[in-house]
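Student: My structure file final_33.txt, compact mmCIF, C-alpha atoms, is below:
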```txt
# COMPACT_ATOMS: atom_id res chain seq x y z
CA MET Z 35 -20.63 19.96 -12.57
CA THR Z 36 -17.15 18.65 -11.99
CA LYS Z 37 -16.97 16.30 -9.03
CA LYS Z 38 -14.05 16.72 -6.68
CA ILE Z 39 -12.67 13.57 -5.10
CA VAL Z 40 -9.87 13.49 -2.54
CA ILE Z 41 -8.04 10.22 -1.91
CA ALA Z 42 -6.08 10.11 1.32
CA CYS Z 43 -3.73 7.76 3.13
CA GLY Z 44 -1.03 8.10 5.76
CA ALA Z 45 1.82 9.33 3.62
CA GLY Z 46 -0.32 10.46 0.68
CA LEU Z 47 1.91 8.28 -1.43
CA ALA Z 48 1.61 4.55 -1.81
CA THR Z 49 -1.79 3.36 -0.70
CA SER Z 50 -3.64 6.38 -2.06
CA THR Z 51 -1.93 5.90 -5.43
CA MET Z 52 -3.09 2.30 -5.60
CA ILE Z 53 -6.64 3.34 -4.72
CA LEU Z 54 -6.47 6.27 -7.14
CA GLN Z 55 -5.66 4.08 -10.12
CA LYS Z 56 -8.86 2.09 -9.56
CA VAL Z 57 -11.06 5.09 -8.80
CA ASP Z 58 -9.85 6.85 -11.91
CA GLU Z 59 -10.68 3.82 -14.03
CA TYR Z 60 -14.16 3.58 -12.56
CA LEU Z 61 -15.00 7.27 -12.86
CA LYS Z 62 -14.00 7.20 -16.52
CA GLU Z 63 -16.43 4.32 -16.92
CA LEU Z 64 -19.18 6.37 -15.28
CA GLY Z 65 -18.53 9.20 -17.72
CA LEU Z 66 -18.49 11.89 -15.02
CA LYS Z 67 -16.46 15.07 -15.07
CA TYR Z 68 -14.12 14.86 -12.12
CA THR Z 69 -10.86 15.85 -10.52
CA ILE Z 70 -8.90 13.67 -8.13
CA THR Z 71 -6.54 15.06 -5.52
CA GLN Z 72 -4.19 12.90 -3.47
CA SER Z 73 -3.58 13.90 0.11
CA GLN Z 74 -2.47 12.83 3.53
CA ILE Z 75 -5.18 12.03 6.04
CA TYR Z 76 -4.28 14.92 8.33
CA GLU Z 77 -4.74 17.35 5.43
CA LEU Z 78 -8.38 16.41 4.82
CA ASP Z 79 -9.62 19.38 6.86
CA MET Z 80 -8.48 21.64 4.03
CA TYR Z 81 -10.86 19.99 1.60
CA ASP Z 82 -13.77 19.42 3.93
CA GLY Z 83 -17.07 20.68 2.58
CA GLU Z 84 -15.49 21.57 -0.77
CA ALA Z 85 -14.81 18.07 -1.99
CA ASP Z 86 -17.72 15.85 -3.02
CA LEU Z 87 -16.13 12.66 -1.74
CA PHE Z 88 -13.24 11.51 0.39
CA ILE Z 89 -11.86 8.01 -0.13
CA THR Z 90 -9.46 6.94 2.62
CA SER Z 91 -7.33 3.90 3.40
CA MET Z 92 -7.99 4.17 7.14
CA ARG Z 93 -11.37 4.32 8.85
CA ILE Z 94 -11.94 7.88 10.02
CA ASP Z 95 -14.71 9.51 11.96
CA GLN Z 96 -17.39 10.73 9.55
CA SER Z 97 -18.96 12.94 12.22
CA LYS Z 98 -15.91 15.24 12.05
CA TYR Z 99 -16.36 15.90 8.34
CA LYS Z 100 -19.07 17.34 6.11
CA THR Z 101 -17.77 15.58 2.99
CA PRO Z 102 -18.94 11.96 2.71
CA ILE Z 103 -16.18 9.42 3.36
CA LEU Z 104 -15.81 5.97 1.79
CA LEU Z 105 -13.14 3.37 2.53
CA GLY Z 106 -10.81 2.50 -0.33
CA MET Z 107 -9.80 -0.90 1.05
CA PRO Z 108 -11.78 -2.95 -1.53
CA PHE Z 109 -9.65 -1.39 -4.27
CA LEU Z 110 -6.47 -2.42 -2.45
CA VAL Z 111 -7.35 -6.05 -1.88
CA GLY Z 112 -9.76 -6.66 -4.73
CA MET Z 113 -12.64 -7.77 -2.51
CA ASN Z 114 -16.11 -6.17 -2.50
CA GLU Z 115 -15.11 -3.79 -5.26
CA ASP Z 116 -18.61 -3.73 -6.73
CA THR Z 117 -20.15 -2.59 -3.45
CA LEU Z 118 -17.67 0.27 -3.20
CA LYS Z 119 -18.27 1.26 -6.82
CA GLU Z 120 -22.00 1.39 -6.16
CA GLU Z 121 -21.42 3.60 -3.10
CA ILE Z 122 -19.17 5.93 -5.07
CA LYS Z 123 -21.80 6.17 -7.77
CA GLN Z 124 -24.49 6.97 -5.23
CA VAL Z 125 -22.49 9.74 -3.61
CA LEU Z 126 -21.42 11.36 -6.86
CA MET Z 127 -24.58 10.97 -8.91
CA LYS Z 128 -27.17 11.89 -6.33
CA MET O 226 15.35 -3.22 -10.99
CA TYR O 227 12.97 -3.14 -8.07
CA VAL O 228 13.75 -6.60 -6.73
CA GLU O 229 17.29 -7.56 -5.72
CA GLU O 230 18.49 -10.85 -4.33
CA ASN O 231 19.78 -9.28 -1.12
CA LEU O 232 16.43 -7.59 -0.49
CA VAL O 233 14.38 -10.78 -0.62
CA PHE O 234 14.15 -12.76 2.61
CA PHE O 235 12.71 -16.17 3.24
CA ASN O 236 11.76 -17.67 6.58
CA ASN O 237 13.28 -14.99 8.84
CA SER O 238 11.56 -14.61 12.21
CA PHE O 239 11.17 -11.50 14.33
CA GLU O 240 9.68 -10.91 17.75
CA ASP O 241 7.68 -7.90 16.65
CA LYS O 242 7.41 -5.31 13.94
CA ASN O 243 10.03 -3.02 15.44
CA GLU O 244 12.59 -5.81 15.29
CA LEU O 245 11.62 -6.31 11.66
CA PHE O 246 11.98 -2.59 10.93
CA ASP O 247 15.44 -2.52 12.52
CA PHE O 248 16.44 -5.46 10.36
CA MET O 249 15.14 -3.71 7.23
CA ALA O 250 16.85 -0.45 8.19
CA ASP O 251 20.19 -2.24 8.75
CA VAL O 252 20.09 -3.83 5.30
CA LEU O 253 18.86 -0.71 3.52
CA GLU O 254 21.26 1.67 5.26
CA LYS O 255 24.18 -0.58 4.41
CA GLU O 256 23.22 -0.42 0.74
CA GLY O 257 22.74 3.33 0.93
CA TYR O 258 19.12 2.95 -0.11
CA VAL O 259 17.61 4.98 2.75
CA THR O 260 18.63 7.86 4.98
CA GLU O 261 19.43 7.31 8.67
CA GLU O 262 16.06 8.76 9.58
CA PHE O 263 14.29 5.92 7.81
CA ARG O 264 14.60 3.60 10.83
CA GLU O 265 12.50 5.77 13.13
CA ALA O 266 10.28 7.14 10.38
CA ILE O 267 9.00 3.72 9.34
CA LYS O 268 8.21 2.75 12.94
CA ILE O 269 6.34 5.97 13.61
CA ARG O 270 4.47 5.82 10.37
CA GLU O 271 3.34 2.23 10.92
CA GLU O 272 2.16 3.22 14.40
CA ASN O 273 0.12 6.16 13.11
CA TYR O 274 -1.00 4.70 9.82
CA PRO O 275 -0.96 0.89 9.86
CA THR O 276 -0.49 -0.99 6.59
CA GLY O 277 -1.80 -4.50 7.33
CA LEU O 278 -4.05 -5.94 4.64
CA LYS O 279 -6.32 -8.89 5.20
CA LEU O 280 -6.38 -11.02 2.07
CA THR O 281 -8.28 -14.24 1.48
CA THR O 282 -5.49 -16.70 2.19
CA MET O 283 -2.67 -14.63 3.67
CA ASN O 284 -2.26 -11.28 5.37
CA VAL O 285 0.22 -8.79 3.98
CA ALA O 286 1.74 -5.53 5.21
CA ILE O 287 2.86 -2.94 2.67
CA VAL O 288 5.23 -0.98 4.89
CA HIS O 289 6.64 2.34 3.72
CA THR O 290 7.63 5.85 4.75
CA GLU O 291 7.33 9.26 3.17
CA ALA O 292 9.48 9.49 0.02
CA ILE O 293 12.07 11.82 1.59
CA TYR O 294 13.69 8.93 3.48
CA SER O 295 14.23 6.84 0.35
CA GLN O 296 17.29 7.26 -1.84
CA THR O 297 16.14 4.86 -4.53
CA ASP O 298 13.20 2.82 -5.78
CA LYS O 299 13.31 -0.74 -4.46
CA LEU O 300 11.11 -3.40 -2.94
CA VAL O 301 12.04 -5.31 0.19
CA ILE O 302 10.28 -8.69 0.28
CA LEU O 303 9.99 -10.91 3.33
CA LYS O 304 8.13 -14.15 3.66
CA LEU O 305 8.23 -14.61 7.39
CA GLY O 306 9.05 -17.75 9.34
CA LYS O 307 6.37 -16.85 11.86
CA PRO O 308 3.66 -14.21 11.68
CA ILE O 309 4.14 -10.73 13.16
CA VAL O 310 1.26 -8.71 14.58
CA PHE O 311 0.54 -5.59 12.58
CA ASN O 312 -2.64 -3.53 12.50
CA ASN O 313 -5.29 -3.53 9.83
CA ILE O 314 -5.01 -0.49 7.55
CA GLU O 315 -8.75 0.14 7.68
CA THR O 316 -10.00 -1.00 11.07
CA LEU O 317 -6.71 -0.64 13.00
CA GLN O 318 -7.40 -4.00 14.66
CA PRO O 319 -4.44 -6.37 15.26
CA LEU O 320 -3.67 -8.58 12.27
CA GLU O 321 -1.14 -11.41 11.98
CA VAL O 322 0.93 -10.89 8.87
CA ASP O 323 3.02 -13.49 6.99
CA PHE O 324 4.27 -11.51 4.05
CA ILE O 325 5.89 -8.09 3.96
CA ILE O 326 6.37 -5.80 1.00
CA GLY O 327 8.56 -2.83 1.89
CA LEU O 328 8.03 0.01 -0.57
CA ILE O 329 11.21 2.04 -0.83
CA LEU O 330 10.04 4.74 -3.16
CA LYS O 331 11.78 7.97 -3.95
CA ASP O 332 9.95 9.40 -6.87
CA SER O 333 6.20 9.64 -7.01
CA GLU O 334 5.97 9.84 -10.81
CA LYS O 335 8.22 6.93 -11.64
CA HIS O 336 6.78 4.56 -9.10
CA LEU O 337 3.23 4.54 -10.45
CA GLN O 338 3.95 1.41 -12.43
CA ILE O 339 5.48 -0.48 -9.52
CA LEU O 340 2.54 0.45 -7.29
CA LYS O 341 0.21 -0.82 -9.97
CA ASN O 342 2.12 -4.10 -10.02
CA VAL O 343 2.01 -4.38 -6.23
CA SER O 344 -1.68 -3.66 -6.32
CA GLN O 345 -2.25 -6.35 -8.94
CA LEU O 346 -0.22 -8.84 -6.96
CA LEU O 347 -2.34 -8.22 -3.87
CA GLN O 348 -5.49 -8.72 -5.89
CA SER O 349 -4.42 -11.92 -7.56
CA GLU O 350 -5.45 -14.87 -5.44
CA GLU O 351 -3.31 -17.07 -7.63
CA ALA O 352 -0.19 -14.96 -7.05
CA ILE O 353 -0.79 -14.77 -3.30
CA ASP O 354 -1.31 -18.52 -3.16
CA SER O 355 1.92 -19.19 -5.00
CA ILE O 356 3.80 -16.90 -2.61
CA LYS O 357 2.20 -18.74 0.25
CA ASN O 358 3.42 -22.03 -1.18
CA THR O 359 7.02 -21.04 -1.89
CA ALA O 360 9.43 -23.36 -0.11
CA SER O 361 12.78 -21.68 -0.56
CA HIS O 362 14.51 -18.33 -0.89
CA GLU O 363 15.38 -19.17 -4.47
CA GLU O 364 11.81 -19.91 -5.39
CA LEU O 365 10.54 -16.71 -3.79
CA LEU O 366 13.25 -14.65 -5.44
CA LYS O 367 12.48 -16.08 -8.87
CA MET O 368 8.81 -15.35 -8.46
CA MET O 369 9.39 -11.79 -7.32
CA ILE O 370 11.84 -11.07 -10.15
CA LYS O 371 9.36 -12.40 -12.64
CA TYR O 372 6.60 -10.38 -11.08
CA PHE O 373 8.27 -7.03 -10.58
CA ASN O 374 11.37 -6.85 -12.75
CA GLU O 375 10.39 -8.63 -15.91
CA LYS O 376 6.80 -7.59 -16.37
CA ARG O 377 6.47 -3.91 -17.13
CA SER O 378 2.76 -4.12 -16.70
CA LEU O 379 0.41 -6.93 -15.93
CA LEU O 380 -2.53 -5.27 -17.55
```
What do you get writing this file as structure tokens?

Tutor:
Amino acid sequence: MTKKIVIACGAGLATSTMILQKVDEYLKELGLKYTITQSQIYELDMYDGEADLFITSMRIDQSKYKTPILLGMPFLVGMNEDTLKEEIKQVLMK
Amino acid sequence: MYVEENLVFFNNSFEDKNELFDFMADVLEKEGYVTEEFREAIKIREENYPTGLKLTTMNVAIVHTEAIYSQTDKLVILKLGKPIVFNNIETLQPLEVDFIIGLILKDSEKHLQILKNVSQLLQSEEAIDSIKNTASHEELLKMMIKYFNEKRSLL
């Protein structure tokens, strides 16, 4: 089944694009079928429950959402990328 | 060209981030690079969605607004004389920042490459260290031109 990933930041523009480039690369590596949507954080409600994974620049309250949320920061600064990749894999391949 | 001499600043000091944003807005408005609404928009956006990044040797803020306030695609670069308190993009905690990249981006298709370059700069410890060690406006300008104007892609 195609996995739906939503990547969100404040403006839905700069930070999410930088995160997206890395996520896209990694998901190709995993060989999954997927779609990626870019959004603003306040729009996440629209995708809640439908998307398989949210990746956000800012820490947001998981208890408000059904869709699992991961933080995209490692892909922005290049630190702890492997941990994040492992978490993405676990969410999407479970 | 994303980097211009008059948009690269070395050693300027500001009391706080609003003073910095006013400074940026003055320069950018004068050049016709942003709309008048940019000044308030960037302050509000930074308040709601902070852009401070904690890197290994230096903290950086990648300040920007929604694309509608930009009239062009440019980068504003400031290596500050003294750190300004921003907030961490992820944790929202206060973070002292020494280096500012202002993303003035109009078009979301065209700017993919420049965002990729910014992203690669942030992730290169070597690049961040050399920025940290720059000692003059000229040196910083040269480095930024080399980084953003001359290299199409660093991949």

Student: Tell me, as a compact mmCIF listing (two decimals) with C-alpha atoms, keeping the file's coordinate frame, which residues lie within 7 Å of range 71-76 of chain Z, counting all atoms listed in the file; anything in the same chain fewer than 5 positions away does not count.

Tutor:
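Final output, saved to part.txt:
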```txt
# COMPACT_ATOMS: atom_id res chain seq x y z
CA ILE Z 39 -12.67 13.57 -5.10
CA VAL Z 40 -9.87 13.49 -2.54
CA ILE Z 41 -8.04 10.22 -1.91
CA ALA Z 42 -6.08 10.11 1.32
CA CYS Z 43 -3.73 7.76 3.13
CA GLY Z 44 -1.03 8.10 5.76
CA ALA Z 45 1.82 9.33 3.62
CA GLY Z 46 -0.32 10.46 0.68
CA SER Z 50 -3.64 6.38 -2.06
```

Student: Find the nearest atom pair between each residue of range 265-353 of chain O and range 95-112 of chain Z for residues within 12 Å, count all atoms listed in the file, give distances in Å to one decimal, sort rows by chain and ascending number, and present the table as JSON lines.

Tutor:
```
{"residue": "O:Thr276", "atom": "CA", "partner": "Z:Met107", "partner_atom": "CA", "distance": 10.8}
{"residue": "O:Gly277", "atom": "CA", "partner": "Z:Met107", "partner_atom": "CA", "distance": 10.8}
{"residue": "O:Leu278", "atom": "CA", "partner": "Z:Val111", "partner_atom": "CA", "distance": 7.3}
{"residue": "O:Lys279", "atom": "CA", "partner": "Z:Val111", "partner_atom": "CA", "distance": 7.7}
{"residue": "O:Leu280", "atom": "CA", "partner": "Z:Val111", "partner_atom": "CA", "distance": 6.4}
{"residue": "O:Thr281", "atom": "CA", "partner": "Z:Val111", "partner_atom": "CA", "distance": 8.9}
{"residue": "O:Thr282", "atom": "CA", "partner": "Z:Val111", "partner_atom": "CA", "distance": 11.6}
{"residue": "O:Met283", "atom": "CA", "partner": "Z:Val111", "partner_atom": "CA", "distance": 11.2}
{"residue": "O:Asn284", "atom": "CA", "partner": "Z:Val111", "partner_atom": "CA", "distance": 10.3}
{"residue": "O:Val285", "atom": "CA", "partner": "Z:Val111", "partner_atom": "CA", "distance": 10.0}
{"residue": "O:Ala286", "atom": "CA", "partner": "Z:Val111", "partner_atom": "CA", "distance": 11.5}
{"residue": "O:Ile287", "atom": "CA", "partner": "Z:Leu110", "partner_atom": "CA", "distance": 10.7}
{"residue": "O:Asn313", "atom": "CA", "partner": "Z:Met107", "partner_atom": "CA", "distance": 10.2}
{"residue": "O:Ile314", "atom": "CA", "partner": "Z:Met107", "partner_atom": "CA", "distance": 8.1}
{"residue": "O:Glu315", "atom": "CA", "partner": "Z:Met107", "partner_atom": "CA", "distance": 6.8}
{"residue": "O:Thr316", "atom": "CA", "partner": "Z:Met107", "partner_atom": "CA", "distance": 10.0}
{"residue": "O:Leu340", "atom": "CA", "partner": "Z:Leu110", "partner_atom": "CA", "distance": 10.6}
{"residue": "O:Lys341", "atom": "CA", "partner": "Z:Leu110", "partner_atom": "CA", "distance": 10.2}
{"residue": "O:Asn342", "atom": "CA", "partner": "Z:Leu110", "partner_atom": "CA", "distance": 11.6}
{"residue": "O:Val343", "atom": "CA", "partner": "Z:Leu110", "partner_atom": "CA", "distance": 9.5}
{"residue": "O:Ser344", "atom": "CA", "partner": "Z:Leu110", "partner_atom": "CA", "distance": 6.3}
{"residue": "O:Gln345", "atom": "CA", "partner": "Z:Gly112", "partner_atom": "CA", "distance": 8.6}
{"residue": "O:Leu346", "atom": "CA", "partner": "Z:Val111", "partner_atom": "CA", "distance": 9.2}
{"residue": "O:Leu347", "atom": "CA", "partner": "Z:Val111", "partner_atom": "CA", "distance": 5.8}
{"residue": "O:Gln348", "atom": "CA", "partner": "Z:Gly112", "partner_atom": "CA", "distance": 4.9}
{"residue": "O:Ser349", "atom": "CA", "partner": "Z:Gly112", "partner_atom": "CA", "distance": 8.0}
{"residue": "O:Glu350", "atom": "CA", "partner": "Z:Gly112", "partner_atom": "CA", "distance": 9.3}
{"residue": "O:Ile353", "atom": "CA", "partner": "Z:Val111", "partner_atom": "CA", "distance": 11.0}
```

Student: Emit the selected residues as a short mmCIF file (atom, residue, chain, number, x, y, z; two decimals), keeping the file's coordinate frame, including C-alpha atoms.

Tutor:
```
data_model
loop_
_atom_site.label_atom_id
_atom_site.label_comp_id
_atom_site.auth_asym_id
_atom_site.auth_seq_id
_atom_site.Cartn_x
_atom_site.Cartn_y
_atom_site.Cartn_z
CA THR O 276 -0.49 -0.99 6.59
CA GLY O 277 -1.80 -4.50 7.33
CA LEU O 278 -4.05 -5.94 4.64
CA LYS O 279 -6.32 -8.89 5.20
CA LEU O 280 -6.38 -11.02 2.07
CA THR O 281 -8.28 -14.24 1.48
CA THR O 282 -5.49 -16.70 2.19
CA MET O 283 -2.67 -14.63 3.67
CA ASN O 284 -2.26 -11.28 5.37
CA VAL O 285 0.22 -8.79 3.98
CA ALA O 286 1.74 -5.53 5.21
CA ILE O 287 2.86 -2.94 2.67
CA ASN O 313 -5.29 -3.53 9.83
CA ILE O 314 -5.01 -0.49 7.55
CA GLU O 315 -8.75 0.14 7.68
CA THR O 316 -10.00 -1.00 11.07
CA LEU O 340 2.54 0.45 -7.29
CA LYS O 341 0.21 -0.82 -9.97
CA ASN O 342 2.12 -4.10 -10.02
CA VAL O 343 2.01 -4.38 -6.23
CA SER O 344 -1.68 -3.66 -6.32
CA GLN O 345 -2.25 -6.35 -8.94
CA LEU O 346 -0.22 -8.84 -6.96
CA LEU O 347 -2.34 -8.22 -3.87
CA GLN O 348 -5.49 -8.72 -5.89
CA SER O 349 -4.42 -11.92 -7.56
CA GLU O 350 -5.45 -14.87 -5.44
CA ILE O 353 -0.79 -14.77 -3.30
#
```

Student: Residues within 7 Å of Lys331 in chain O, please, as a list in words. Count all atoms listed in the file; anything in the same chain fewer than 3 positions from it doesn't count.

Tutor: Ala292, Ile293, Ser295, Gln296, Thr297 and Asp298 of chain O

Student: What does the file look like for those residues with C-alpha atoms, as a compact mmCIF listing (two decimals), keeping the file's coordinate frame?

Tutor:
```
# COMPACT_ATOMS: atom_id res chain seq x y z
CA ALA O 292 9.48 9.49 0.02
CA ILE O 293 12.07 11.82 1.59
CA SER O 295 14.23 6.84 0.35
CA GLN O 296 17.29 7.26 -1.84
CA THR O 297 16.14 4.86 -4.53
CA ASP O 298 13.20 2.82 -5.78
```

Student: Could the centre and edge lengths of an axis-aligned box, enclosing all atoms of range 318-322 of chain O in the file with 6 Å extra on each side, be given in Å to one decimal as lines of an AutoDock Vina configuration file?

Tutor:
```
center_x = -3.2
center_y = -7.7
center_z = 12.1
size_x = 20.3
size_y = 19.4
size_z = 18.4
```

Student: Which residue out of O:Lys335, O:Ile302, O:Asp251, O:Asn358 has the minimum interatomic distance to Leu232 in chain O when all atoms listed in the file are used?

Tutor: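 Nearest candidate to Leu232 in chain O out of O:Lys335, O:Ile302, O:Asp251, O:Asn358: O:Ile302.
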
Student: Grab the CA of Leu245 in chain O to CA of Ile309 in chain O distance for me, in Å with one decimal place.

Tutor: 8.8 Å

Student: Using all atoms listed in the file, which of Z:Met113, Z:Met35, Z:Asp82, Z:Thr69 sits nearest chain O?

Tutor: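 Among the listed residues, the smallest separation from chain O belongs to Z:Met113.
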
Student: From the list O:Tyr372, O:Phe311, O:Tyr274, O:Phe324, which residue is nearest chain Z when using all atoms listed in the file?

Tutor: O:Tyr274

Student: Take CA of Thr36 in chain Z and CA of Leu118 in chain Z and report the distance between them in Å, one decimal.

Tutor: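 Pair CA of Thr36 in chain Z / CA of Leu118 in chain Z returns 20.4 Å.
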
Student: Hey, which of Z:Tyr60, Z:Asp79, Z:Leu126, Z:Ser91 ends up closest to Ala48 in chain Z? Count only C-alpha atoms.

Tutor: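 Counting only C-alpha atoms, the residue closest to Ala48 in chain Z is Z:Ser91.
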
Student: I'd like to know which of Z:Glu77, Z:Glu84, Z:Lys37, Z:Ile122 is closest to Val57 in chain Z, using all atoms listed in the file.

Tutor: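 The answer is Z:Ile122, which sits nearest to Val57 in chain Z.
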
Student: For Glu261 in chain O, work out the shell of residues within 9 Å, counting all atoms listed in the file and skipping chain neighbours fewer than 6 positions away, then give it as a list of chain:residue names.

Tutor: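 The residues that qualify are O:Ala250, O:Glu254, O:Tyr294.
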